[in-house]
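Undergrad: The structure under discussion is supplied below as C-alpha cells; questions concerning it will follow.
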Amino acid sequence: MKLELRGITKRFGALTANDHIDLVVTPGEIHCLLGENGAGKSTLMNVLYGLYQADEGEILLDDEVQHFSGPGDAMRAGIGMVHQHFMLVPVFTVAENVMLGHESTKAGGRLDLDAARARVREISDRFGFDVDPDARIEDLPVGVQQRVEIIKALSRNAGVLVFDEPTAVLTPQETDELIGIMKQLRDSGTAIVFITHKLREVREVADRITVIRLGQVVGEAEPTASNAELASLMVGRAVELTVDKTPARPGADALVLDDVHVYDLNGVPVVDGVSLTVRAGEILAIAGVQGNGQTELTEAIFGLQPQVTGRIVLDGEELTGRTVRQVLDAGAGFVPEDRQHDGLVPEFTIAENLMLDRADGEPFVRLGALRLKDLAAFAQERLRRFDIRAQGIGTRVGRLSGGNQQKVVLARELSRELRLFVAAQPTRGLDVGSIEFVHEQIVATRDAGVPVIVVSTELDEVVALADRIAVMYRGRVVGVVPADTPRDVLGLMMAGEAPQAVAA
Amino acid sequence: MTTLETSTTGAVVGAAGPRRSWRVVWIYGVLTAIALVVLVGFARPGVARFGLATGSDFVQLPEVVLPGLATGIVVALVAIACTVAAVLLRRRDRHQPLWLPVVFAVALVVGLLTWATTGAGQSVPLPGLLGGSLALAVPLIFGALGGVISERVGVVNVAIEGQLLAGAFTGAVVASLTRSLIVGLVAAMVAGMLVSFVLAAFAIKYLVDQVIVGVVLNVLVLGLTNFLYTLVLVPASATLNSPPQFSPIAIPVLSAIPVLGPVLFRQTVIVYLMYLGVVAVTIGLFRTKWGLRLRAVGEHPQAADTVGISVGGTRFWNVSLAGAIAGLGGAYLTLASVPSFTRDVTSGAGFIALAAVIFGQWNPVKATLAALLFGFASNLQNVLGIVGSPVPPDFLLMLPYVVTIFAVAGLVGQVRGPAAAGRPYIKG
C-alpha cells in the first residue's frame with residue numbers, strides 16, 4: 001500500500017508542530033523519519049493515525065484521499081502503528097489484546113477466543129515470532145511485547161506499518177532482531193515508516209531517509225550518508241558527536257557499594273547484591289536496558305528507597321540508612337532520571353528551583369526568612385554560567401524546554417562543594433546542543449576530582465562518557481569493563497550474558 | 001514512561017515467579033486463634049437450637065440441637081484445617097481457591113451463631129435468619145454490581161448511595177401514581193441512570209475528580225429526596241407514597257427444598273432479576289465483546305483508543321448502565337421490602353455496596369458473596385435480639401466488620417483494581 005502525505009500542517013495555538021510536511025512511502029520500502037525530540041515526528045504520526053486532525057493537508061492511501069476521524073478509521077484503512085509506549089492491556093492475554101477492537105464473536109456476543117488464538121499463531125509462525133497466545137502481557141519481556149504490537153497491527157492486514165521509536169526499550173541484540181523483522185516485513189510488501197533519532201539504526205535499515213526539524217522537512221538523505229551529515233541535517237548545524245575528554249586520572253576509592261540490595265513494596269529484590277567502587281576523578285557509567293535496577297540503585301544511594309540492605313560508603317563515611325538531607329550534606333549531587341517529576345518543581349521559578357536543596361538555612365534562608373536578594377544574585381550568575389535560555393530568573397521552570405530544565409537541575413546540583421555526583425539519564429529527551437553541554441559539565445566535574453556515576457540506557461552516551469562501564473541486568477552487575485569494550489560485548493552483557501573473558 | 005516502567009518491572013517479577021504474600025495466611029491464623037479462644041475457651045454450657053423448617057417444605061426437618069462446646073471444638077478444627085490448607089497452598093506458591101475462604105467463613109459463622117445462642121430461650125429460625133439476610137443484601141448486591149461495572153470501565157462510583165436513593169424515591173412515587181409495579185421499576189432504573197448521567201458528564205467530559213462528584217451527588221440526592229418527601233410526599237402520601245407491593249412468587253419444586261428453598265426461591269421478581277443480573281454481568285464481563293472492551297477501557301484507555309474504541313462513549317454508557325442497575329436495588333427497598341418511601345431509606349447501603357466491590361476484588365460473584373456477608377451481619381443482631389441471646393447484640397453486630405477489616409487489610413497489596421479507575425482520559 002502506498003502512503004502519501006501532502007502538505008500536512010498541525011498547529012497547537014501559536015506553535016506550528018507540523019508545517020506543510022510532504023512524505024511518500026511506497027510498498028516494500030523502509031522510510032526513516034529522522035528528527036530530534038520535539039521536531040514534530042510524533043505529531044505527524046498522530047495525525048496519520050487519526051488521533052489528531054490536521055489543520056491543512058491530506059492523507060492519501062493508494063492515491064485515494066482519506067478522512068480519519070479516529071484511530072479506528074486509520075486502522076480500517078490499513079495503517080498499523082507500533083507505539084513507543086506499548087498500547088497493550090497488561091492484564092489481558094496476547095490473544096485478547098490482538099482481538100481487542102475487532103473481536104470475532106460466537107452466538108450471543110461471546111468472544112471467539114479460539115479464532116483469535118489461531119490468528120496469533122498463524123502470524124507468529126509466519127514471521128517466526130514464537131509468541132504464546134495465552135500468555136499474559138505483563139509476564140512477557142519487553143521485546144516480546146513489541147512483537148505482540150506488531151502482530152496486533154498485522155492481524156488487521158495493515159499495509160502501512162509505523163514504528164514509533166521502537167528501539168528505545170530494547171537491548172542491542174533485540175534491536176538487531178527487530179531490524180530483521182522490519183526487513184522481512186518490507187520484503188513481503190509492507191510500506192514501513194520508521195521513526196527514530198538514532199543515526200546508527202537509520203543507516204542500517206533505511207531505504208530512504210527524510211529529516212524533520214522544527215516541524216518542517218529539511219531534506220532527504222541517502223542511507224549511505226555519514227553520521228555527521230545526518231546529524232548536522234537534523235540539528236541544523238555541525239555538531240560534535242564525540243565527547244572531548246582527556247584520559248581520567250583516578251584517585252583513591254571514593255564511593256564503595258558493598259552487597260547492596262533494594263527491595264520493592266512487595267519485597268521483591270530490584271537491586272540484588274551490587275558491589276561497585278567509584279574512584280575520585282573517574283566516570284563510572286552504568287549501562288543496561290531500562291528497568292534493570294539502575295534507577296533504584298541511584299535512589300538507594302540518596303536515601304530515597306525505603307528498603308535497602310548492604311553498605312554504601314563515601315570517603316569512609318557510612319551513607320546507608322541516612323536521610324536524603326544527610327546524604328546531600330555529605331556532599332552528594334544528584335540529577336534524577338525524571339527531571340520534571342523528581343528534579344524540579346515545574347510551578348516554581350528558576351530561582352526557587354535553584355535553592356530547593358538548600359531551603360533549610362544559609363546562604364538563602366536566615367531566621368526562617370528567604371534572602372531574596374542573595375538568591376537573585378546567585379540565580380543570575382547560574383543563569384549566565386549554565387547558559388539557561390529564559391526570560392529571567394522569575395520564569396516558571398515548567399515553561400522551559402527540556403534542555404533548559406536539565407540545565408537548571410545541573411546548575412543547582414553543581415553549585416555546591418561536591419564529593420560525589422550521580423547523573424541518571426542526564427540527556428534523555430534533550431536536543432543535540434543541550435546534550436553537548438551536559439556532557440561537558442559532567443566531564444568537567446570529573447576533572448575537578450569528583451567521583452561520577454552516569455546511568456544511561458543509551459549505549460552511545462555510555463561509551464562516550466565512561467572511564468569504566470558497569471552493566472546491570474535484572475538487579476545485578478553483570479560485569480565492570482573498560483570504556484573501550486566493543487559494543488557487541490556490551491550488548492550481550494545488557495542481555496545478561498557475562499562472557500568470562502570480559503568480566504573484570 | 002509509566003507504561004514502559006510497569007511493563008519492564010512486570011517482566012522482571014514474572015521471571016522471578018509469582019510472588020504471593022504470607023499475609024493472607026496470617027489472617028487465617030489470627031482468626032483461627034480467635035475462634036479457638038472464644039468458641040472453645042469461653043464456651044458456655046448448654047445447647048443451641050436451630051429451627052430448619054417452614055410450613056411448605058418437601059420434607060419437614062426436625063429442629064437441630066447443637067451442644068455449645070462440642071460445636072465450638074468442631075468449628076475450631078475446621079478452621080485449623082483451612083489454615084493448614086492455606087499454608088500448604090502458599091508453600092507451593094499456588095493460588096488460593098475461592099472455596100477455601102467460603103468454607104472458612106461458613107464454619108466461623110456457624111461457630112459464632114452457636115456460641116451466641118447457646119443457652120438462649122428459643123430456637124433460632126434458620127430460614128428466617130437467612131431470608132432476612134438476603135433481603136438486606138439485595139440492595140447491596142445491585143449496588144455492588146453497578147459498582148463493579150462502573151469501576152471496571154474506569155470511573156470510581158462513589159455515587160451508588162445516591163443512585164439507590166434516587167431509584168427508591170422515584171420507584172415509589174411513579175408506582176403510586178401509575179399503580180403499576182413494572183412502570184415503577186423502570187422509573188427507578190431511569191432515576192439511577194440520571195444520577196449516573198451527572199457523574200459521567202462531570203467525570204468524563206469535564207474531568208472533575210470522580211470521588212468528589214460522587215460524594216456531592218450523594219449529598220444532593222439525599223437532600224433532594226428529604227426535601228421532596230417532607231414537602232410533597234407526606235401531605236399526599238395516599239396518592240404519592242403508597243405504591244403497590246411485589247408479592248413473592250414461589251418457584252415450583254425449587255422452593256420446597258428444605259432451608260434454602262424458601263430463602264432463595266420464594267422471592268419477588270426483583271430478586272430473580274438480581275440472580276439473572278449476577279450471572280449476566282459475570283458472563284458479560286469475562287466472556288463477551290462488551291466485557292473485553294469495557295475492561296480494556298478501565299485498564300488502559302489509550303490502548304483501547306488506539307484500536308478504535310471510543311473511551312468516552314464506552315465509559316458514559318456503562319456508567320449509565322451501572323446507575324440503572326443500582327436504581328433497581330433502590331426499587332427493591334420501596335416496592336418489595338416496605339411499600340413506601342421514608343427519609344433516607346437506604347441508610348448507607350450504597351457505601352456498604354462500595355465496600356463489597358473492593359472486598360469482592362471487582363469481581364461480580366465475589367462482590368455478591370461479600371454483600372451477602374454484610375447482609376448477614378446486619379440481620380444477625382435483629383434475630384439474636386428476638387431469640388434472647390445472652391450475648392449483647394451490639395457486640396455481635398461488630399464482629400463481622402472486624403472480620404472484614406482484617407480481611408481487607410490482608411488483601412491490600414494482593415488485589416489490584418482496574419488500573420485506570422478514577423483517572424480521566426485525555427486524548428493525545
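Ligands are numbered from 1 in the order shown, chains are lettered A, B, ... in the order of the C-alpha cells, and residues start at 1 in each chain.
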Residues of chain A near chain B: apply a cut-off of 8 Å, count only C-alpha atoms, and supply the list as JSON, numbers by chain.

TA: {"A": [46, 51, 52, 70, 71, 72, 73, 75, 85, 86, 87, 88, 89, 90, 91, 96, 100, 101, 103, 105, 109, 110, 111, 138, 139, 140, 141, 142, 169, 266, 268, 290, 291, 292, 474]}

Undergrad: Export C-alpha atoms of the chosen residues as a compact mmCIF listing (two decimals), in the first residue's frame?

TA:
```
# COMPACT_ATOMS: atom_id res chain seq x y z
CA ASN A 46 -0.67 11.03 15.39
CA LEU A 51 -5.51 10.84 16.88
CA TYR A 52 -5.14 14.46 15.74
CA GLY A 70 -10.17 8.43 14.84
CA PRO A 71 -7.65 5.60 15.06
CA GLY A 72 -10.40 3.15 14.16
CA ASP A 73 -10.73 4.72 10.71
CA MET A 75 -6.78 1.10 11.12
CA HIS A 85 4.78 3.06 24.79
CA PHE A 86 3.06 -0.18 24.03
CA MET A 87 -0.68 0.03 23.66
CA LEU A 88 -1.30 -3.30 25.32
CA VAL A 89 -3.54 -4.04 28.29
CA PRO A 90 -1.12 -5.61 30.79
CA VAL A 91 -3.66 -7.90 32.47
CA GLU A 96 -7.26 -10.76 23.95
CA LEU A 100 -9.49 -6.06 21.03
CA GLY A 101 -11.40 -3.65 18.84
CA GLU A 103 -13.43 -9.11 18.07
CA THR A 105 -17.85 -13.43 18.29
CA GLY A 109 -21.90 -11.95 21.63
CA ARG A 110 -19.50 -14.36 23.29
CA LEU A 111 -15.85 -13.93 22.37
CA GLU A 138 2.67 -8.29 31.96
CA ASP A 139 4.55 -11.60 32.22
CA LEU A 140 6.31 -11.11 28.88
CA PRO A 141 9.70 -9.48 28.28
CA VAL A 142 9.63 -6.11 26.55
CA VAL A 169 13.35 -0.07 25.20
CA ASN A 266 6.23 -6.45 47.61
CA VAL A 268 10.95 -8.38 45.55
CA GLN A 290 15.57 0.48 31.28
CA GLY A 291 14.15 -1.19 34.37
CA ASN A 292 17.04 -3.40 35.42
CA ARG A 474 17.90 -7.81 36.48
```

Undergrad: List the spatial neighbours of stretch 368-374 of chain A as an MDAnalysis selection string - criterion: any atom at most 12 Å away, only C-alpha atoms, same-chain residues fewer than 6 positions off excluded.

TA: chainID A and resid 351:352 355:356 358:362 380:381 393:394

Undergrad: List as number ranges by chain the protein and nucleic acid residues near A:Leu459, meaning an atom at most 9 Å away when only C-alpha atoms are counted, but skip any in the same chain fewer than 2 places from it.

TA: A: 172, 287-288, 456-457, 461-464, 487, 490-491

Undergrad: Which of stretch 67-149 of chain A end up as strand (DSSP E or B) when DSSP is run on this backbone - answer as a count of residues only?

TA: 9

Undergrad: With DSSP run on the backbone, what are the alpha helix (DSSP H) residues within stretch 129-326 of chain A? I'd like them as a ChimeraX atom specification.

TA: /A:142-154,172-187,199-205,227-235,294-301,324-326

Undergrad: Please provide as JSON, numbers by chain all residues within 12 Å of stretch 417-422 of chain A, with the sequence filter that same-chain residues fewer than 4 positions apart are discarded (counting only C-alpha atoms).

TA: {"A": [253, 254, 255, 256, 278, 279, 280, 281, 282, 283, 284, 285, 286, 294, 295, 297, 298, 299, 300, 301, 302, 313, 314, 315, 316, 317, 319, 327, 328, 329, 330, 331, 332, 333, 334, 335, 336, 337, 410, 412, 413, 426, 441, 442, 443, 444, 445, 446, 448, 449, 450, 451, 452, 453, 454, 455, 456]}

Undergrad: For A:Val235, which residue out of A:Gly496, A:Pro346, A:Pro486, A:Gly38 is the nearest one, using only C-alpha atoms?

TA: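 For A:Val235, the nearest of the given residues is A:Gly38.
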
Undergrad: Considering only C-alpha atoms, can you say which of B:Leu39, B:Val345, B:Leu233, B:Ala166 comes closest to B:Leu108?

TA: B:Leu39

Undergrad: Using only C-alpha atoms, which protein or nucleic acid residues come within 12 Å of B:Leu328? Drop anything in the same chain fewer than 6 positions from it, and give the result as an mmCIF file with N, CA and C atoms, in the first residue's frame.

TA:
```cif
data_model
loop_
_atom_site.group_PDB
_atom_site.id
_atom_site.type_symbol
_atom_site.label_atom_id
_atom_site.label_comp_id
_atom_site.auth_asym_id
_atom_site.auth_seq_id
_atom_site.Cartn_x
_atom_site.Cartn_y
_atom_site.Cartn_z
ATOM 1 N N VAL B 138 -30.018 -7.636 49.155
ATOM 2 C CA VAL B 138 -30.431 -7.368 47.763
ATOM 3 C C VAL B 138 -30.006 -5.981 47.272
ATOM 4 N N PRO B 139 -30.327 -4.905 48.002
ATOM 5 C CA PRO B 139 -29.861 -3.585 47.509
ATOM 6 C C PRO B 139 -28.343 -3.497 47.439
ATOM 7 N N LEU B 140 -27.667 -4.175 48.405
ATOM 8 C CA LEU B 140 -26.207 -4.160 48.374
ATOM 9 C C LEU B 140 -25.687 -4.828 47.110
ATOM 10 N N ILE B 141 -26.324 -5.949 46.740
ATOM 11 C CA ILE B 141 -25.831 -6.685 45.568
ATOM 12 C C ILE B 141 -26.050 -5.873 44.295
ATOM 13 N N PHE B 142 -27.252 -5.287 44.169
ATOM 14 C CA PHE B 142 -27.491 -4.434 42.997
ATOM 15 C C PHE B 142 -26.471 -3.286 42.960
ATOM 16 N N GLY B 143 -26.282 -2.665 44.104
ATOM 17 C CA GLY B 143 -25.321 -1.563 44.165
ATOM 18 C C GLY B 143 -23.923 -2.031 43.804
ATOM 19 N N ALA B 144 -23.546 -3.208 44.314
ATOM 20 C CA ALA B 144 -22.204 -3.725 44.049
ATOM 21 C C ALA B 144 -22.032 -4.052 42.572
ATOM 22 N N LEU B 145 -23.088 -4.605 41.946
ATOM 23 C CA LEU B 145 -22.985 -4.901 40.506
ATOM 24 C C LEU B 145 -22.751 -3.611 39.727
ATOM 25 N N GLY B 146 -23.517 -2.576 40.091
ATOM 26 C CA GLY B 146 -23.317 -1.284 39.445
ATOM 27 C C GLY B 146 -21.905 -0.781 39.680
ATOM 28 N N ILE B 160 -23.061 5.370 44.398
ATOM 29 C CA ILE B 160 -24.011 4.252 44.473
ATOM 30 C C ILE B 160 -25.161 4.594 45.421
ATOM 31 N N GLN B 163 -27.594 6.726 43.754
ATOM 32 C CA GLN B 163 -28.344 6.000 42.728
ATOM 33 C C GLN B 163 -29.419 5.125 43.366
ATOM 34 N N LEU B 164 -29.063 4.467 44.479
ATOM 35 C CA LEU B 164 -30.043 3.649 45.196
ATOM 36 C C LEU B 164 -31.201 4.512 45.681
ATOM 37 N N LEU B 165 -30.840 5.644 46.273
ATOM 38 C CA LEU B 165 -31.849 6.506 46.886
ATOM 39 C C LEU B 165 -32.764 7.103 45.821
ATOM 40 N N ALA B 166 -32.190 7.528 44.717
ATOM 41 C CA ALA B 166 -32.992 8.086 43.636
ATOM 42 C C ALA B 166 -33.940 7.016 43.094
ATOM 43 N N GLY B 167 -33.426 5.793 42.958
ATOM 44 C CA GLY B 167 -34.259 4.698 42.484
ATOM 45 C C GLY B 167 -35.399 4.417 43.447
ATOM 46 N N ALA B 168 -35.084 4.399 44.745
ATOM 47 C CA ALA B 168 -36.106 4.115 45.753
ATOM 48 C C ALA B 168 -37.215 5.157 45.710
ATOM 49 N N PHE B 169 -36.820 6.422 45.661
ATOM 50 C CA PHE B 169 -37.798 7.513 45.679
ATOM 51 C C PHE B 169 -38.672 7.475 44.422
ATOM 52 N N THR B 170 -38.017 7.476 43.273
ATOM 53 C CA THR B 170 -38.752 7.547 42.016
ATOM 54 C C THR B 170 -39.639 6.325 41.838
ATOM 55 N N GLY B 171 -39.080 5.160 42.178
ATOM 56 C CA GLY B 171 -39.864 3.936 42.063
ATOM 57 C C GLY B 171 -41.152 4.047 42.862
ATOM 58 N N ALA B 172 -41.041 4.504 44.101
ATOM 59 C CA ALA B 172 -42.217 4.598 44.965
ATOM 60 C C ALA B 172 -43.243 5.574 44.393
ATOM 61 N N LEU B 181 -46.428 -1.737 38.968
ATOM 62 C CA LEU B 181 -45.106 -2.045 39.518
ATOM 63 C C LEU B 181 -44.017 -2.008 38.456
ATOM 64 N N ILE B 182 -44.391 -2.478 37.270
ATOM 65 C CA ILE B 182 -43.382 -2.537 36.208
ATOM 66 C C ILE B 182 -42.945 -1.123 35.836
ATOM 67 N N VAL B 183 -43.927 -0.232 35.699
ATOM 68 C CA VAL B 183 -43.587 1.160 35.377
ATOM 69 C C VAL B 183 -42.725 1.745 36.493
ATOM 70 N N GLY B 184 -43.065 1.422 37.748
ATOM 71 C CA GLY B 184 -42.266 1.900 38.880
ATOM 72 C C GLY B 184 -40.835 1.417 38.798
ATOM 73 N N LEU B 185 -40.694 0.149 38.426
ATOM 74 C CA LEU B 185 -39.364 -0.448 38.330
ATOM 75 C C LEU B 185 -38.532 0.254 37.251
ATOM 76 N N VAL B 186 -39.176 0.467 36.104
ATOM 77 C CA VAL B 186 -38.479 1.139 35.003
ATOM 78 C C VAL B 186 -38.093 2.555 35.413
ATOM 79 N N ALA B 187 -39.025 3.226 36.109
ATOM 80 C CA ALA B 187 -38.757 4.599 36.541
ATOM 81 C C ALA B 187 -37.571 4.632 37.500
ATOM 82 N N ALA B 188 -37.469 3.620 38.379
ATOM 83 C CA ALA B 188 -36.345 3.564 39.314
ATOM 84 C C ALA B 188 -35.026 3.433 38.564
ATOM 85 N N MET B 189 -35.050 2.596 37.503
ATOM 86 C CA MET B 189 -33.828 2.429 36.715
ATOM 87 C C MET B 189 -33.451 3.744 36.042
ATOM 88 N N VAL B 190 -34.461 4.418 35.500
ATOM 89 C CA VAL B 190 -34.195 5.691 34.829
ATOM 90 C C VAL B 190 -33.600 6.690 35.828
ATOM 91 N N ALA B 191 -34.157 6.697 37.061
ATOM 92 C CA ALA B 191 -33.667 7.649 38.060
ATOM 93 C C ALA B 191 -32.204 7.376 38.399
ATOM 94 N N GLY B 192 -31.871 6.081 38.594
ATOM 95 C CA GLY B 192 -30.482 5.725 38.876
ATOM 96 C C GLY B 192 -29.576 6.163 37.736
ATOM 97 N N MET B 193 -30.091 5.998 36.526
ATOM 98 C CA MET B 193 -29.331 6.352 35.336
ATOM 99 C C MET B 193 -29.098 7.865 35.270
ATOM 100 N N VAL B 269 -40.005 -10.722 42.090
ATOM 101 C CA VAL B 269 -39.407 -10.647 40.761
ATOM 102 C C VAL B 269 -38.042 -9.958 40.820
ATOM 103 N N ILE B 270 -37.933 -8.929 41.678
ATOM 104 C CA ILE B 270 -36.680 -8.173 41.725
ATOM 105 C C ILE B 270 -35.514 -9.073 42.126
ATOM 106 N N VAL B 271 -35.754 -9.984 43.063
ATOM 107 C CA VAL B 271 -34.682 -10.877 43.493
ATOM 108 C C VAL B 271 -34.291 -11.819 42.363
ATOM 109 N N TYR B 272 -35.305 -12.318 41.622
ATOM 110 C CA TYR B 272 -34.966 -13.180 40.488
ATOM 111 C C TYR B 272 -34.168 -12.394 39.445
ATOM 112 N N LEU B 273 -34.556 -11.124 39.257
ATOM 113 C CA LEU B 273 -33.776 -10.269 38.350
ATOM 114 C C LEU B 273 -32.330 -10.165 38.831
ATOM 115 N N MET B 274 -32.174 -10.109 40.157
ATOM 116 C CA MET B 274 -30.833 -9.989 40.723
ATOM 117 C C MET B 274 -29.999 -11.228 40.402
ATOM 118 N N GLY B 277 -29.002 -10.960 37.029
ATOM 119 C CA GLY B 277 -28.022 -9.883 36.880
ATOM 120 C C GLY B 277 -26.622 -10.353 37.223
ATOM 121 N N LEU B 321 -25.406 2.410 32.652
ATOM 122 C CA LEU B 321 -25.936 1.075 32.916
ATOM 123 C C LEU B 321 -25.784 0.741 34.396
ATOM 124 N N ALA B 322 -24.630 1.085 34.952
ATOM 125 C CA ALA B 322 -24.383 0.831 36.372
ATOM 126 C C ALA B 322 -25.419 1.554 37.224
ATOM 127 N N THR B 334 -38.366 0.096 48.218
ATOM 128 C CA THR B 334 -39.663 0.751 48.360
ATOM 129 C C THR B 334 -40.801 0.003 47.656
ATOM 130 N N LEU B 335 -40.486 -0.996 46.854
ATOM 131 C CA LEU B 335 -41.564 -1.715 46.165
ATOM 132 C C LEU B 335 -41.670 -3.166 46.616
ATOM 133 N N ALA B 336 -40.661 -3.655 47.316
ATOM 134 C CA ALA B 336 -40.711 -5.051 47.738
ATOM 135 C C ALA B 336 -40.625 -5.193 49.261
#
```

Undergrad: For the atom pair atom CA of B:Ile149 and atom CA of B:Ala349, what is the interatomic distance in Å to one decimal place?

TA: 17.5 Å

Undergrad: Within 10 Å of B:Gln381, counting only C-alpha atoms, which residues show up once you throw out same-chain ones fewer than 4 positions away? Write them as a ChimeraX atom specification, please.

TA: /B:376-377,385-387,389,392-398

Undergrad: Just write the chosen residues, all heavy atoms, as an mmCIF file, in the first residue's frame.

TA:
```
data_model
loop_
_atom_site.group_PDB
_atom_site.id
_atom_site.type_symbol
_atom_site.label_atom_id
_atom_site.label_comp_id
_atom_site.auth_asym_id
_atom_site.auth_seq_id
_atom_site.Cartn_x
_atom_site.Cartn_y
_atom_site.Cartn_z
ATOM 1 N N PHE B 376 -25.884 -10.497 56.116
ATOM 2 C CA PHE B 376 -25.990 -11.418 57.239
ATOM 3 C C PHE B 376 -25.599 -10.710 58.531
ATOM 4 O O PHE B 376 -26.269 -10.840 59.558
ATOM 5 C CB PHE B 376 -25.087 -12.625 56.982
ATOM 6 C CG PHE B 376 -25.131 -13.650 58.058
ATOM 7 C CD1 PHE B 376 -26.164 -14.573 58.116
ATOM 8 C CD2 PHE B 376 -24.138 -13.703 59.024
ATOM 9 C CE1 PHE B 376 -26.203 -15.515 59.116
ATOM 10 C CE2 PHE B 376 -24.179 -14.648 60.030
ATOM 11 C CZ PHE B 376 -25.218 -15.558 60.077
ATOM 12 N N ALA B 377 -24.533 -9.939 58.456
ATOM 13 C CA ALA B 377 -24.055 -9.221 59.638
ATOM 14 C C ALA B 377 -25.127 -8.288 60.177
ATOM 15 O O ALA B 377 -25.383 -8.237 61.378
ATOM 16 C CB ALA B 377 -22.805 -8.434 59.287
ATOM 17 N N GLY B 385 -31.517 -10.656 68.981
ATOM 18 C CA GLY B 385 -32.303 -9.910 69.952
ATOM 19 C C GLY B 385 -33.639 -10.596 70.211
ATOM 20 O O GLY B 385 -34.067 -10.760 71.356
ATOM 21 N N ILE B 386 -34.275 -11.055 69.134
ATOM 22 C CA ILE B 386 -35.586 -11.696 69.259
ATOM 23 C C ILE B 386 -35.461 -13.014 70.012
ATOM 24 O O ILE B 386 -36.254 -13.343 70.890
ATOM 25 C CB ILE B 386 -36.194 -11.934 67.856
ATOM 26 C CG1 ILE B 386 -36.452 -10.588 67.178
ATOM 27 C CG2 ILE B 386 -37.470 -12.738 67.953
ATOM 28 C CD1 ILE B 386 -36.721 -10.696 65.700
ATOM 29 N N VAL B 387 -34.419 -13.774 69.683
ATOM 30 C CA VAL B 387 -34.261 -15.096 70.293
ATOM 31 C C VAL B 387 -33.919 -14.974 71.773
ATOM 32 O O VAL B 387 -34.207 -15.855 72.570
ATOM 33 C CB VAL B 387 -33.145 -15.877 69.551
ATOM 34 C CG1 VAL B 387 -32.931 -17.227 70.186
ATOM 35 C CG2 VAL B 387 -33.509 -16.038 68.104
ATOM 36 N N SER B 389 -30.607 -13.951 72.996
ATOM 37 C CA SER B 389 -29.247 -14.425 73.239
ATOM 38 C C SER B 389 -28.647 -13.711 74.446
ATOM 39 O O SER B 389 -28.902 -12.527 74.659
ATOM 40 C CB SER B 389 -28.395 -14.146 72.002
ATOM 41 O OG SER B 389 -27.041 -14.168 72.346
ATOM 42 N N PRO B 392 -24.501 -9.565 74.337
ATOM 43 C CA PRO B 392 -25.020 -8.257 73.917
ATOM 44 C C PRO B 392 -25.025 -8.144 72.398
ATOM 45 O O PRO B 392 -24.006 -8.425 71.758
ATOM 46 C CB PRO B 392 -24.024 -7.252 74.512
ATOM 47 C CG PRO B 392 -23.221 -8.012 75.483
ATOM 48 C CD PRO B 392 -23.338 -9.464 75.186
ATOM 49 N N PRO B 393 -26.151 -7.769 71.794
ATOM 50 C CA PRO B 393 -26.242 -7.757 70.335
ATOM 51 C C PRO B 393 -25.269 -6.783 69.674
ATOM 52 O O PRO B 393 -24.789 -7.046 68.572
ATOM 53 C CB PRO B 393 -27.694 -7.343 70.076
ATOM 54 C CG PRO B 393 -28.193 -6.788 71.357
ATOM 55 C CD PRO B 393 -27.395 -7.394 72.446
ATOM 56 N N ASP B 394 -24.967 -5.692 70.347
ATOM 57 C CA ASP B 394 -24.041 -4.735 69.732
ATOM 58 C C ASP B 394 -22.677 -5.354 69.478
ATOM 59 O O ASP B 394 -22.016 -5.094 68.480
ATOM 60 C CB ASP B 394 -23.880 -3.506 70.635
ATOM 61 C CG ASP B 394 -25.164 -2.710 70.671
ATOM 62 O OD1 ASP B 394 -25.864 -2.717 69.633
ATOM 63 O OD2 ASP B 394 -25.464 -2.122 71.707
ATOM 64 N N PHE B 395 -22.291 -6.223 70.431
ATOM 65 C CA PHE B 395 -21.001 -6.898 70.293
ATOM 66 C C PHE B 395 -21.006 -7.804 69.068
ATOM 67 O O PHE B 395 -20.059 -7.822 68.288
ATOM 68 C CB PHE B 395 -20.734 -7.715 71.558
ATOM 69 C CG PHE B 395 -19.485 -8.532 71.481
ATOM 70 C CD1 PHE B 395 -18.247 -7.916 71.572
ATOM 71 C CD2 PHE B 395 -19.539 -9.908 71.302
ATOM 72 C CE1 PHE B 395 -17.093 -8.662 71.497
ATOM 73 C CE2 PHE B 395 -18.370 -10.652 71.219
ATOM 74 C CZ PHE B 395 -17.155 -10.031 71.324
ATOM 75 N N LEU B 396 -22.116 -8.517 68.880
ATOM 76 C CA LEU B 396 -22.204 -9.428 67.741
ATOM 77 C C LEU B 396 -22.240 -8.661 66.430
ATOM 78 O O LEU B 396 -21.660 -9.072 65.434
ATOM 79 C CB LEU B 396 -23.455 -10.278 67.868
ATOM 80 C CG LEU B 396 -23.345 -11.318 68.968
ATOM 81 C CD1 LEU B 396 -24.699 -11.919 69.257
ATOM 82 C CD2 LEU B 396 -22.352 -12.390 68.563
ATOM 83 N N LEU B 397 -22.915 -7.527 66.479
ATOM 84 C CA LEU B 397 -23.008 -6.722 65.267
ATOM 85 C C LEU B 397 -21.628 -6.287 64.803
ATOM 86 O O LEU B 397 -21.339 -6.197 63.625
ATOM 87 C CB LEU B 397 -23.871 -5.491 65.547
ATOM 88 C CG LEU B 397 -24.129 -4.595 64.337
ATOM 89 C CD1 LEU B 397 -24.978 -5.336 63.327
ATOM 90 C CD2 LEU B 397 -24.813 -3.317 64.767
ATOM 91 N N MET B 398 -20.778 -6.069 65.771
ATOM 92 C CA MET B 398 -19.439 -5.570 65.468
ATOM 93 C C MET B 398 -18.563 -6.634 64.810
ATOM 94 O O MET B 398 -17.774 -6.350 63.913
ATOM 95 C CB MET B 398 -18.809 -5.122 66.786
ATOM 96 C CG MET B 398 -17.498 -4.463 66.701
ATOM 97 S SD MET B 398 -16.882 -4.216 68.381
ATOM 98 C CE MET B 398 -16.435 -5.864 68.845
#
```
